$ cat input.csv   # CSV, C-alpha atoms
chain,number,residue,atom,x,y,z
N,1,MET,CA,76.6,48.7,-153.5
N,2,ALA,CA,77.9,51.3,-151.1
N,3,LYS,CA,75.5,53.2,-148.9
N,4,GLN,CA,73.8,56.0,-150.9
N,5,THR,CA,72.8,59.5,-149.8
N,6,SER,CA,69.4,59.9,-151.5
N,7,THR,CA,68.1,63.2,-152.7
N,8,THR,CA,64.6,64.3,-153.4
N,9,GLY,CA,63.4,63.3,-156.9
N,10,GLN,CA,66.3,60.9,-157.4
N,11,VAL,CA,65.5,58.1,-159.9
N,12,LEU,CA,67.2,54.7,-159.3
N,13,THR,CA,68.1,52.5,-162.2
N,14,ALA,CA,67.1,48.9,-162.3
N,15,ALA,CA,70.7,47.8,-161.8
N,16,GLN,CA,70.9,50.1,-158.7
N,17,MET,CA,67.7,48.7,-157.3
N,18,THR,CA,68.9,45.1,-157.8
N,19,SER,CA,72.2,46.0,-156.1
N,20,LEU,CA,70.5,47.7,-153.2
N,21,GLN,CA,68.3,44.6,-152.7
N,22,GLN,CA,71.3,42.4,-152.7
N,23,THR,CA,73.1,44.6,-150.1
N,24,ALA,CA,69.9,44.7,-148.0
N,25,MET,CA,70.0,40.9,-148.0
N,26,LEU,CA,73.7,41.0,-147.0
N,27,GLY,CA,74.8,39.8,-150.4
N,28,GLY,CA,76.0,41.7,-153.4
N,29,ALA,CA,79.4,41.9,-155.1
N,30,ALA,CA,82.2,41.9,-152.7
N,31,SER,CA,85.2,44.3,-152.8
N,32,ALA,CA,88.1,41.9,-153.1
N,33,LYS,CA,91.3,42.7,-151.1
N,34,THR,CA,94.5,40.8,-151.2
N,35,ALA,CA,96.5,42.8,-148.6
N,36,SER,CA,95.9,44.5,-145.3
N,37,TYR,CA,93.3,47.2,-145.7
N,38,THR,CA,92.0,50.3,-143.9
N,39,LEU,CA,88.2,50.8,-144.3
N,40,VAL,CA,87.0,53.9,-146.1
N,41,ALA,CA,83.6,55.7,-146.0
N,42,ALA,CA,82.5,54.1,-149.2
N,43,ASP,CA,82.7,50.6,-147.6
N,44,ALA,CA,79.6,51.3,-145.6
N,45,GLY,CA,76.9,48.8,-146.5
N,46,THR,CA,79.3,46.7,-148.6
N,47,SER,CA,80.9,43.3,-148.4
N,48,ILE,CA,84.7,42.9,-148.3
N,49,THR,CA,86.7,39.7,-148.9
N,50,MET,CA,90.3,39.2,-147.9
N,51,SER,CA,92.5,36.7,-149.6
N,52,ASN,CA,96.1,36.3,-148.6
N,53,ALA,CA,98.2,33.3,-147.5
N,54,SER,CA,99.8,35.3,-144.7
N,55,ALA,CA,98.2,37.2,-141.8
N,56,THR,CA,96.4,40.4,-142.7
N,57,THR,CA,94.4,43.1,-140.9
N,58,ILE,CA,91.3,45.2,-141.6
N,59,THR,CA,91.7,48.5,-139.8
N,60,VAL,CA,88.8,50.5,-138.5
N,61,ASN,CA,89.1,54.3,-138.1
N,62,THR,CA,86.9,56.9,-136.7
N,63,ALA,CA,84.8,59.7,-138.5
N,64,LEU,CA,84.1,57.6,-141.6
N,65,PHE,CA,80.9,55.7,-140.7
N,66,ALA,CA,77.6,56.7,-139.1
N,67,ALA,CA,75.6,54.8,-136.4
N,68,GLY,CA,73.8,51.9,-138.0
N,69,ASP,CA,76.3,51.4,-140.8
N,70,THR,CA,77.5,47.8,-141.4
N,71,VAL,CA,80.4,46.3,-143.3
N,72,GLN,CA,80.5,42.5,-143.9
N,73,ILE,CA,84.0,40.9,-143.9
N,74,THR,CA,84.8,37.4,-145.2
N,75,ASN,CA,88.3,35.8,-145.1
N,76,LEU,CA,89.0,33.6,-148.1
N,77,GLY,CA,92.7,33.3,-147.6
N,78,ALA,CA,94.7,30.8,-145.5
N,79,GLY,CA,96.2,33.7,-143.5
N,80,VAL,CA,94.3,34.9,-140.5
N,81,CYS,CA,92.6,38.2,-141.1
N,82,THR,CA,92.2,40.3,-137.9
N,83,ILE,CA,89.8,43.2,-137.5
N,84,THR,CA,92.0,45.9,-135.9
N,85,ALA,CA,90.9,49.0,-134.1
N,86,GLY,CA,92.7,52.0,-135.7
N,87,THR,CA,91.4,55.2,-134.2
N,88,ALA,CA,87.9,53.7,-133.8
N,89,THR,CA,87.0,51.2,-131.1
N,90,VAL,CA,86.1,47.6,-132.1
N,91,SER,CA,84.3,45.5,-129.5
N,92,THR,CA,83.4,41.9,-129.8
N,93,ALA,CA,81.8,39.1,-127.8
N,94,SER,CA,84.0,36.5,-129.5
N,95,SER,CA,87.1,37.1,-131.5
N,96,LEU,CA,88.4,39.7,-134.0
N,97,ALA,CA,90.4,37.1,-135.9
N,98,LEU,CA,88.9,35.4,-138.9
N,99,ALA,CA,90.3,32.1,-140.0
N,100,GLN,CA,89.9,31.0,-143.6
N,101,TYR,CA,86.3,31.0,-144.7
N,102,GLU,CA,85.1,32.7,-141.6
N,103,SER,CA,83.1,36.0,-141.8
N,104,GLY,CA,81.6,38.6,-139.6
N,105,THR,CA,79.8,41.9,-139.7
N,106,LEU,CA,81.0,45.3,-138.3
N,107,TYR,CA,78.1,47.2,-136.9
N,108,PHE,CA,78.8,50.9,-136.0
N,109,THR,CA,77.1,52.3,-132.9
N,110,SER,CA,78.6,55.7,-133.5
N,111,THR,CA,81.2,57.3,-135.8
N,112,SER,CA,83.9,56.2,-133.5
N,113,ALA,CA,82.6,52.9,-132.1
N,114,SER,CA,81.8,49.5,-133.7
N,115,ILE,CA,80.9,46.0,-132.7
N,116,PHE,CA,82.2,43.0,-134.6
N,117,ASN,CA,79.7,40.2,-134.8
N,118,LYS,CA,81.6,37.1,-135.9
N,119,GLY,CA,79.6,34.5,-137.7
N,120,ALA,CA,78.2,31.8,-135.6
N,121,GLY,CA,80.1,29.1,-137.5
N,122,ALA,CA,83.3,30.3,-135.9
N,123,ALA,CA,82.2,29.8,-132.3
N,124,ALA,CA,84.1,27.0,-130.7
N,125,THR,CA,82.1,24.2,-129.3
N,126,SER,CA,83.1,22.2,-126.2
N,127,GLY,CA,86.7,21.2,-126.8
N,128,GLY,CA,87.1,23.5,-129.8
N,129,MET,CA,89.5,26.3,-130.2
N,130,THR,CA,89.1,29.9,-131.2
N,131,LEU,CA,92.0,32.0,-132.4
N,132,ILE,CA,92.1,35.0,-130.1
N,133,SER,CA,95.2,36.8,-131.4
N,134,THR,CA,98.0,36.5,-133.9
N,135,THR,CA,101.1,38.7,-133.7
N,136,THR,CA,104.6,39.0,-135.1
N,137,LEU,CA,107.4,38.5,-132.6
N,138,THR,CA,109.5,41.7,-133.0
N,139,GLY,CA,110.9,44.4,-130.6
N,140,ALA,CA,112.1,44.0,-127.0
N,141,SER,CA,108.9,42.2,-125.9
N,142,ILE,CA,105.4,41.3,-126.9
N,143,THR,CA,102.5,41.5,-124.4
N,144,LEU,CA,99.2,39.8,-125.2
N,145,SER,CA,97.0,41.8,-122.9
N,146,SER,CA,93.3,41.9,-122.0
N,147,ILE,CA,93.0,38.1,-122.7
N,148,PRO,CA,89.2,37.3,-122.8
N,149,GLN,CA,88.3,35.3,-119.6
N,150,THR,CA,85.6,33.3,-121.4
N,151,TYR,CA,87.5,30.1,-122.2
N,152,ASN,CA,88.4,27.1,-120.1
N,153,ASP,CA,92.1,26.9,-121.2
N,154,LEU,CA,94.5,28.8,-123.4
N,155,ARG,CA,96.9,27.5,-126.0
N,156,LEU,CA,99.9,29.6,-127.0
N,157,VAL,CA,101.6,28.5,-130.2
N,158,ILE,CA,104.9,30.1,-131.2
N,159,ARG,CA,106.0,29.5,-134.8
N,160,ASP,CA,109.3,30.1,-136.5
N,161,PHE,CA,110.8,32.1,-133.7
N,162,TYR,CA,114.4,33.4,-133.7
N,163,PRO,CA,116.1,36.1,-131.7
N,164,ALA,CA,117.7,39.2,-133.2
N,165,THR,CA,121.1,38.1,-131.8
N,166,ASP,CA,122.7,34.7,-131.2
N,167,ASN,CA,122.5,32.6,-128.1
N,168,GLN,CA,119.5,34.1,-126.4
N,169,THR,CA,116.9,32.5,-124.2
N,170,LEU,CA,113.2,32.7,-125.1
N,171,GLN,CA,111.2,33.7,-122.0
N,172,MET,CA,107.6,34.0,-120.9
N,173,THR,CA,105.9,35.8,-118.0
N,174,PHE,CA,102.3,36.1,-116.9
N,175,ASN,CA,100.5,39.3,-115.8
N,176,GLY,CA,103.6,41.4,-116.1
N,177,ASP,CA,105.0,39.6,-113.0
N,178,THR,CA,108.8,39.4,-112.9
N,179,GLY,CA,108.9,38.2,-109.3
N,180,ALA,CA,110.4,34.8,-108.4
N,181,ASN,CA,107.0,33.1,-108.8
N,182,TYR,CA,107.7,30.6,-111.5
N,183,THR,CA,108.7,27.0,-110.9
N,184,PHE,CA,109.3,24.5,-113.6
N,185,VAL,CA,110.4,21.0,-114.5
N,186,ARG,CA,112.2,21.0,-117.8
N,187,THR,CA,113.5,17.9,-119.6
N,188,ARG,CA,115.8,18.9,-122.5
N,189,SER,CA,116.9,16.3,-125.0
N,190,THR,CA,120.1,17.7,-126.4
N,191,SER,CA,123.4,15.8,-127.1
N,192,SER,CA,123.0,14.6,-123.5
N,193,ALA,CA,119.5,14.6,-121.9
N,194,VAL,CA,119.2,17.1,-119.0
N,195,SER,CA,116.4,17.2,-116.5
N,196,GLU,CA,116.0,20.3,-114.4
N,197,ASN,CA,113.7,21.3,-111.5
N,198,ALA,CA,114.1,25.0,-111.1
N,199,GLY,CA,112.4,28.3,-110.4
N,200,GLY,CA,112.9,31.8,-111.4
N,201,THR,CA,111.5,35.2,-112.3
N,202,ASN,CA,110.2,33.9,-115.7
N,203,PHE,CA,109.8,30.7,-117.6
N,204,PRO,CA,112.8,30.1,-119.9
N,205,PHE,CA,111.9,27.8,-122.8
N,206,ASN,CA,115.5,27.2,-123.9
N,207,ASP,CA,118.8,29.0,-124.0
N,208,ARG,CA,121.3,29.4,-126.8
N,209,ILE,CA,118.8,30.0,-129.5
N,210,THR,CA,120.6,31.4,-132.5
N,211,GLN,CA,119.4,34.0,-135.0
N,212,GLN,CA,118.0,32.8,-138.4
N,213,ASP,CA,120.8,31.9,-140.8
N,214,GLY,CA,118.7,30.4,-143.6
N,215,THR,CA,119.3,26.8,-142.8
N,216,ASP,CA,118.3,26.6,-139.1
N,217,SER,CA,114.9,25.3,-138.3
N,218,ASN,CA,113.5,28.1,-136.2
N,219,ALA,CA,112.0,27.4,-132.8
N,220,ARG,CA,108.5,26.2,-132.2
N,221,ALA,CA,106.6,25.9,-129.0
N,222,ILE,CA,103.1,24.9,-127.7
N,223,VAL,CA,102.1,26.0,-124.2
N,224,ASN,CA,98.8,24.8,-122.7
N,225,ILE,CA,97.6,27.0,-119.8
N,226,TYR,CA,94.8,25.4,-117.8
N,227,ASP,CA,91.9,27.1,-116.0
N,228,TYR,CA,93.7,30.4,-116.6
N,229,ALA,CA,90.5,32.5,-115.8
N,230,THR,CA,90.3,31.1,-112.3
N,231,ALA,CA,92.2,32.9,-109.6
N,232,LEU,CA,94.2,29.9,-108.6
N,233,ASP,CA,97.9,29.1,-108.8
N,234,GLN,CA,98.4,28.6,-112.5
N,235,VAL,CA,99.6,25.4,-114.2
N,236,ALA,CA,100.9,25.1,-117.7
N,237,ASP,CA,102.7,22.5,-119.8
N,238,GLY,CA,104.1,22.1,-123.2
N,239,ILE,CA,106.8,21.4,-125.6
N,240,PHE,CA,109.6,23.5,-127.3
N,241,VAL,CA,111.5,22.3,-130.4
N,242,TYR,CA,114.5,23.8,-132.0
N,243,PHE,CA,117.1,22.5,-134.4
N,244,ASP,CA,120.2,24.6,-135.0
N,245,ASN,CA,122.3,24.0,-138.1
N,246,ALA,CA,125.4,24.3,-135.8
N,247,SER,CA,124.3,21.0,-134.2
N,248,VAL,CA,122.9,22.4,-131.0
N,249,THR,CA,119.5,20.8,-131.0
N,250,SER,CA,116.8,20.8,-128.3
N,251,VAL,CA,113.5,19.2,-127.7
N,252,VAL,CA,112.2,20.5,-124.4
N,253,THR,CA,109.1,19.2,-122.6
N,254,PHE,CA,108.1,21.1,-119.5
N,255,GLY,CA,105.6,21.6,-116.7
N,256,LEU,CA,105.3,25.0,-115.1
N,257,THR,CA,103.5,26.5,-112.2
N,258,TYR,CA,103.0,30.2,-111.6
N,259,PHE,CA,102.7,30.8,-108.0
N,260,PRO,CA,102.2,34.5,-107.1
N,261,SER,CA,101.7,35.6,-103.5
N,262,THR,CA,98.1,36.4,-104.4
N,263,SER,CA,96.6,33.9,-106.8
N,264,ALA,CA,95.2,35.6,-109.9
N,265,ALA,CA,93.7,34.8,-113.3
N,266,ILE,CA,96.0,35.2,-116.2
N,267,THR,CA,95.1,38.3,-118.1
N,268,SER,CA,98.3,38.9,-120.0
N,269,ILE,CA,101.3,36.9,-121.4
N,270,THR,CA,104.6,38.6,-122.1
N,271,ILE,CA,107.2,37.0,-124.5
N,272,ASN,CA,110.8,38.3,-124.7
N,273,VAL,CA,114.4,37.2,-124.9
N,274,ASN,CA,116.8,37.5,-122.0
N,275,SER,CA,119.0,40.1,-123.9
N,276,GLY,CA,118.3,42.1,-127.0
N,277,ASN,CA,115.3,41.8,-129.3
N,278,LEU,CA,112.9,39.2,-130.7
N,279,GLY,CA,114.1,38.6,-134.3
N,280,GLY,CA,110.9,37.2,-135.8
N,281,GLY,CA,108.2,34.5,-135.7
N,282,THR,CA,104.5,34.5,-134.8
N,283,ALA,CA,102.6,34.1,-131.6
N,284,LEU,CA,99.1,32.7,-131.9
N,285,LEU,CA,96.9,32.6,-128.8
N,286,TYR,CA,93.9,30.3,-128.9
N,287,GLY,CA,91.0,30.0,-126.4
N,288,VAL,CA,89.9,26.4,-125.7
N,289,LYS,CA,86.3,25.8,-124.7
L,1,MET,CA,120.1,56.1,-128.7
L,2,THR,CA,117.0,54.2,-129.9
L,3,LYS,CA,114.9,52.9,-127.0
L,4,PRO,CA,113.7,49.3,-127.0
L,5,GLN,CA,110.3,48.9,-128.6
L,6,ILE,CA,107.5,47.3,-126.6
L,7,LYS,CA,104.5,45.8,-128.4
L,8,ILE,CA,101.2,45.4,-126.6
L,9,VAL,CA,98.3,43.5,-128.3
L,10,ASN,CA,94.9,44.0,-126.7
L,11,CYS,CA,93.4,40.5,-127.3
L,12,THR,CA,89.8,41.9,-126.7
L,13,THR,CA,89.8,44.8,-129.2
L,14,GLY,CA,92.7,43.8,-131.5
L,15,GLU,CA,94.4,47.1,-130.9
L,16,GLU,CA,98.2,47.0,-131.2
L,17,ILE,CA,100.4,49.6,-129.5
L,18,VAL,CA,104.1,49.8,-130.3
L,19,ARG,CA,105.9,52.3,-128.0
L,20,ASP,CA,109.3,53.1,-126.5
L,21,ALA,CA,110.0,51.1,-123.3
L,22,ASN,CA,109.5,53.3,-120.2
L,23,ASP,CA,112.2,53.7,-117.5
L,24,ALA,CA,111.0,50.7,-115.4
L,25,GLU,CA,110.9,48.5,-118.5
L,26,ILE,CA,114.4,49.6,-119.6
L,27,ALA,CA,115.7,48.9,-116.0
L,28,GLN,CA,114.1,45.4,-116.3
L,29,ILE,CA,115.7,44.8,-119.8
L,30,GLU,CA,119.1,45.9,-118.4
L,31,GLN,CA,118.7,43.7,-115.4
L,32,ASN,CA,117.8,40.7,-117.7
L,33,ALA,CA,120.9,41.5,-119.9
L,34,ALA,CA,123.1,41.7,-116.8
L,35,LYS,CA,121.8,38.4,-115.5
L,36,ALA,CA,122.3,36.8,-118.9
L,37,LEU,CA,125.9,38.0,-118.9
L,38,ALA,CA,126.6,36.8,-115.4
L,39,GLU,CA,125.1,33.4,-116.3
L,40,LYS,CA,127.3,33.2,-119.4
L,41,ALA,CA,130.4,34.1,-117.3
L,42,GLU,CA,129.5,31.5,-114.7
L,43,ALA,CA,129.0,28.8,-117.4
L,44,LYS,CA,132.4,29.8,-118.9
L,45,LEU,CA,134.1,29.5,-115.4
L,46,LYS,CA,132.5,26.1,-114.8
L,47,GLU,CA,133.8,24.9,-118.2
L,48,LYS,CA,137.2,26.1,-117.2
L,49,GLU,CA,137.1,24.4,-113.8
L,50,LYS,CA,135.9,21.2,-115.4
L,51,ALA,CA,138.7,21.3,-117.9
L,52,ALA,CA,141.3,21.9,-115.2
L,53,LEU,CA,139.9,19.0,-113.1
L,54,LEU,CA,140.0,16.7,-116.1
L,55,ASP,CA,143.6,17.8,-116.7
L,56,LYS,CA,144.5,17.2,-113.0
L,57,LEU,CA,142.9,13.7,-113.2
L,58,GLY,CA,144.6,13.0,-116.5
L,59,ILE,CA,141.4,11.8,-118.2
L,60,THR,CA,139.2,12.8,-121.1
L,61,VAL,CA,135.6,14.0,-121.1
L,62,GLU,CA,134.5,10.6,-122.5
L,63,GLU,CA,136.4,8.7,-119.8
L,64,ALA,CA,134.8,10.9,-117.2
L,65,ALA,CA,131.4,10.2,-118.6
L,66,LEU,CA,132.2,6.5,-118.6
L,67,LEU,CA,133.2,6.7,-114.9
L,68,LEU,CA,129.9,8.4,-114.1
L,69,SER,CA,127.7,6.1,-116.1
$ encode --input "input.csv" --output "structure tokens"
Amino acid sequence: MAKQTSTTGQVLTAAQMTSLQQTAMLGGAASAKTASYTLVAADAGTSITMSNASATTITVNTALFAAGDTVQITNLGAGVCTITAGTATVSTASSLALAQYESGTLYFTSTSASIFNKGAGAAATSGGMTLISTTTLTGASITLSSIPQTYNDLRLVIRDFYPATDNQTLQMTFNGDTGANYTFVRTRSTSSAVSENAGGTNFPFNDRITQQDGTDSNARAIVNIYDYATALDQVADGIFVYFDNASVTSVVTFGLTYFPSTSAAITSITINVNSGNLGGGTALLYGVK
Amino acid sequence: MTKPQIKIVNCTTGEEIVRDANDAEIAQIEQNAAKALAEKAEAKLKEKEKAALLDKLGITVEEAALLLS
């Protein structure tokens, strides 16, 4: 039952009392959503469920809730549900992303600020991973900024990537640094294996990636970034896999060092292509405890 | 002309900002594109030189690979 504004002499029905008790015990009937949703004032004090096989968002706007209001959110779907700051701020000590069967409570400290308390069950134990962010790869570039510095390592997963135009190179930089501070060893298994030891102003996963034509297997990559929160020269490794219908295939394994003049923790990761736009795909960033 | 779109995802708050690229970012994008073009041209030139050399030697790519194996 949504939060009520009581008036003098108001008489509650038995059903209303039962519903209010349930809400007070953080239970009650949930408002079921199946697509991305923006919270409204009537959601104060209620429980919301999200169910969608693809990624969704719950957007939080200002001037709808009062200090002390709560909204409980549970993700029932396979797609990650991310609590997203619209015009209000949403702070959290853990993650704003809810994987399937995870839940959390939004607690408003003012009309324009809230805290998302993710359920304890979602906290990663030693060796466990927490989904920090999931985003669609479109536009000229994607920057994953303000990366929480509370994990040991990061794992970046790129799924189903393709560029907007043919024959592009997928690239990655750290901390917005486009200086010649990246050194890598890259072994590419194509029609003839190639091993390279090179450096540059970014890390190129692989060149000649074609746009999606319906039969290509789009590109996938996993990047492990170790001790990213420590201001040391950074080390990463990973694998990139891509099969093109036009017989250009690549399996790339790589090791990478990021070696800026002043060592720094990694606080942002930028993904782009060397020319034109990202065509599609998803970037998922995990924190590893 | 439409400006390139830059997406910034704040991993702490979940906030997503999509905005036009600023002048510095456009300059970087143009620099990347020019570099990509130059690399493509260089690769094409190399291919041409390779083909000319194979022609001069009177051997095929497969025969050259056999020689180097």
$ closest_atom_pairs --input "input.csv" --of "chain N" --to "chain L" --cutoff "6 Å" --atoms "all atoms listed in the file" --output "JSON lines"
{"residue": "N:Thr84", "atom": "CA", "partner": "L:Gly14", "partner_atom": "CA", "distance": 4.9}
{"residue": "N:Ala85", "atom": "CA", "partner": "L:Glu15", "partner_atom": "CA", "distance": 5.1}
{"residue": "N:Val90", "atom": "CA", "partner": "L:Thr13", "partner_atom": "CA", "distance": 5.5}
{"residue": "N:Ser91", "atom": "CA", "partner": "L:Thr13", "partner_atom": "CA", "distance": 5.6}
{"residue": "N:Ser133", "atom": "CA", "partner": "L:Cys11", "partner_atom": "CA", "distance": 5.8}
{"residue": "N:Gly139", "atom": "CA", "partner": "L:Gln5", "partner_atom": "CA", "distance": 5.0}
{"residue": "N:Ala140", "atom": "CA", "partner": "L:Gln5", "partner_atom": "CA", "distance": 5.5}
{"residue": "N:Ser141", "atom": "CA", "partner": "L:Ile6", "partner_atom": "CA", "distance": 5.3}
{"residue": "N:Ile142", "atom": "CA", "partner": "L:Lys7", "partner_atom": "CA", "distance": 4.8}
{"residue": "N:Thr143", "atom": "CA", "partner": "L:Ile8", "partner_atom": "CA", "distance": 4.7}
{"residue": "N:Leu144", "atom": "CA", "partner": "L:Val9", "partner_atom": "CA", "distance": 4.9}
{"residue": "N:Ser145", "atom": "CA", "partner": "L:Asn10", "partner_atom": "CA", "distance": 4.9}
{"residue": "N:Ser146", "atom": "CA", "partner": "L:Asn10", "partner_atom": "CA", "distance": 5.4}
{"residue": "N:Ile147", "atom": "CA", "partner": "L:Cys11", "partner_atom": "CA", "distance": 5.2}
{"residue": "N:Asn274", "atom": "CA", "partner": "L:Asn32", "partner_atom": "CA", "distance": 5.5}
{"residue": "N:Ser275", "atom": "CA", "partner": "L:Ala33", "partner_atom": "CA", "distance": 4.6}
$ write_last_selection --input "input.csv" --atoms "C-alpha atoms" --output "JSON list (two decimals), in the frame of the given file"
[["chain", "number", "residue", "atom", "x", "y", "z"],
["N", 84, "THR", "CA", 92.00, 45.90, -135.90],
["N", 85, "ALA", "CA", 90.90, 49.00, -134.10],
["N", 90, "VAL", "CA", 86.10, 47.60, -132.10],
["N", 91, "SER", "CA", 84.30, 45.50, -129.50],
["N", 133, "SER", "CA", 95.20, 36.80, -131.40],
["N", 139, "GLY", "CA", 110.90, 44.40, -130.60],
["N", 140, "ALA", "CA", 112.10, 44.00, -127.00],
["N", 141, "SER", "CA", 108.90, 42.20, -125.90],
["N", 142, "ILE", "CA", 105.40, 41.30, -126.90],
["N", 143, "THR", "CA", 102.50, 41.50, -124.40],
["N", 144, "LEU", "CA", 99.20, 39.80, -125.20],
["N", 145, "SER", "CA", 97.00, 41.80, -122.90],
["N", 146, "SER", "CA", 93.30, 41.90, -122.00],
["N", 147, "ILE", "CA", 93.00, 38.10, -122.70],
["N", 274, "ASN", "CA", 116.80, 37.50, -122.00],
["N", 275, "SER", "CA", 119.00, 40.10, -123.90]]
$ closest_residue --input "input.csv" --among "N:Asn206, N:Ser261, N:Ser94, N:Thr134" --to "Leu170 (chain N)" --atoms "only C-alpha atoms"
N:Asn206
$ residues_around --input "input.csv" --residues "Thr105 (chain N)" --least-positions-apart "5" --cutoff "9 Å" --atoms "only C-alpha atoms" --output "count of residues only"
11
$ atom_distance --input "input.csv" --atom1 "CA of Gly281 (chain N)" --atom2 "CA of Thr59 (chain N)"
22.0 Å
$ residues_around --input "input.csv" --residues "Ser250 (chain N)" --least-positions-apart "3" --cutoff "9 Å" --atoms "all atoms listed in the file" --output "PyMOL selection string"
chain N and resi 188-191+206+240-244
$ write_last_selection --input "input.csv" --atoms "C-alpha atoms" --output "short mmCIF file (atom, residue, chain, number, x, y, z; two decimals), in the frame of the given file"
data_model
loop_
_atom_site.label_atom_id
_atom_site.label_comp_id
_atom_site.auth_asym_id
_atom_site.auth_seq_id
_atom_site.Cartn_x
_atom_site.Cartn_y
_atom_site.Cartn_z
CA ARG N 188 115.80 18.90 -122.50
CA SER N 189 116.90 16.30 -125.00
CA THR N 190 120.10 17.70 -126.40
CA SER N 191 123.40 15.80 -127.10
CA ASN N 206 115.50 27.20 -123.90
CA PHE N 240 109.60 23.50 -127.30
CA VAL N 241 111.50 22.30 -130.40
CA TYR N 242 114.50 23.80 -132.00
CA PHE N 243 117.10 22.50 -134.40
CA ASP N 244 120.20 24.60 -135.00
#
$ atom_distance --input "input.csv" --atom1 "CA of Asp23 (chain L)" --atom2 "CA of Thr183 (chain N)"
27.7 Å
$ atom_distance --input "input.csv" --atom1 "CA of Arg155 (chain N)" --atom2 "CA of Gly287 (chain N)"
6.4 Å
$ residues_around --input "input.csv" --residues "Val288 (chain N)" --least-positions-apart "3" --cutoff "6 Å" --atoms "all atoms listed in the file" --output "JSON, numbers by chain"
{"N": [128, 129, 151, 152, 153, 154]}
$ residues_around --input "input.csv" --residues "region 61-69 of chain L" --least-positions-apart "4" --cutoff "10 Å" --atoms "only C-alpha atoms" --output "number ranges by chain"
L: 50-51, 54-55, 57
$ residues_around --input "input.csv" --residues "region 29-39 of chain N" --least-positions-apart "4" --cutoff "10 Å" --atoms "only C-alpha atoms" --output "compact mmCIF listing (two decimals) with C-alpha atoms, keeping the file's coordinate frame"
# COMPACT_ATOMS: atom_id res chain seq x y z
CA MET N 1 76.60 48.70 -153.50
CA SER N 19 72.20 46.00 -156.10
CA GLN N 22 71.30 42.40 -152.70
CA THR N 23 73.10 44.60 -150.10
CA ASP N 43 82.70 50.60 -147.60
CA ALA N 44 79.60 51.30 -145.60
CA THR N 46 79.30 46.70 -148.60
CA SER N 47 80.90 43.30 -148.40
CA ILE N 48 84.70 42.90 -148.30
CA THR N 49 86.70 39.70 -148.90
CA MET N 50 90.30 39.20 -147.90
CA SER N 51 92.50 36.70 -149.60
CA ASN N 52 96.10 36.30 -148.60
CA ALA N 53 98.20 33.30 -147.50
CA SER N 54 99.80 35.30 -144.70
CA ALA N 55 98.20 37.20 -141.80
CA THR N 56 96.40 40.40 -142.70
CA THR N 57 94.40 43.10 -140.90
CA ILE N 58 91.30 45.20 -141.60
CA THR N 59 91.70 48.50 -139.80
CA VAL N 60 88.80 50.50 -138.50
CA ASN N 61 89.10 54.30 -138.10
CA THR N 62 86.90 56.90 -136.70
CA LEU N 64 84.10 57.60 -141.60
CA PHE N 65 80.90 55.70 -140.70
CA VAL N 71 80.40 46.30 -143.30
CA GLN N 72 80.50 42.50 -143.90
CA ILE N 73 84.00 40.90 -143.90
CA THR N 74 84.80 37.40 -145.20
CA ASN N 75 88.30 35.80 -145.10
CA LEU N 76 89.00 33.60 -148.10
CA GLY N 77 92.70 33.30 -147.60
CA CYS N 81 92.60 38.20 -141.10
CA THR N 82 92.20 40.30 -137.90
CA ILE N 83 89.80 43.20 -137.50
CA THR N 84 92.00 45.90 -135.90
CA ALA N 85 90.90 49.00 -134.10
CA GLY N 86 92.70 52.00 -135.70
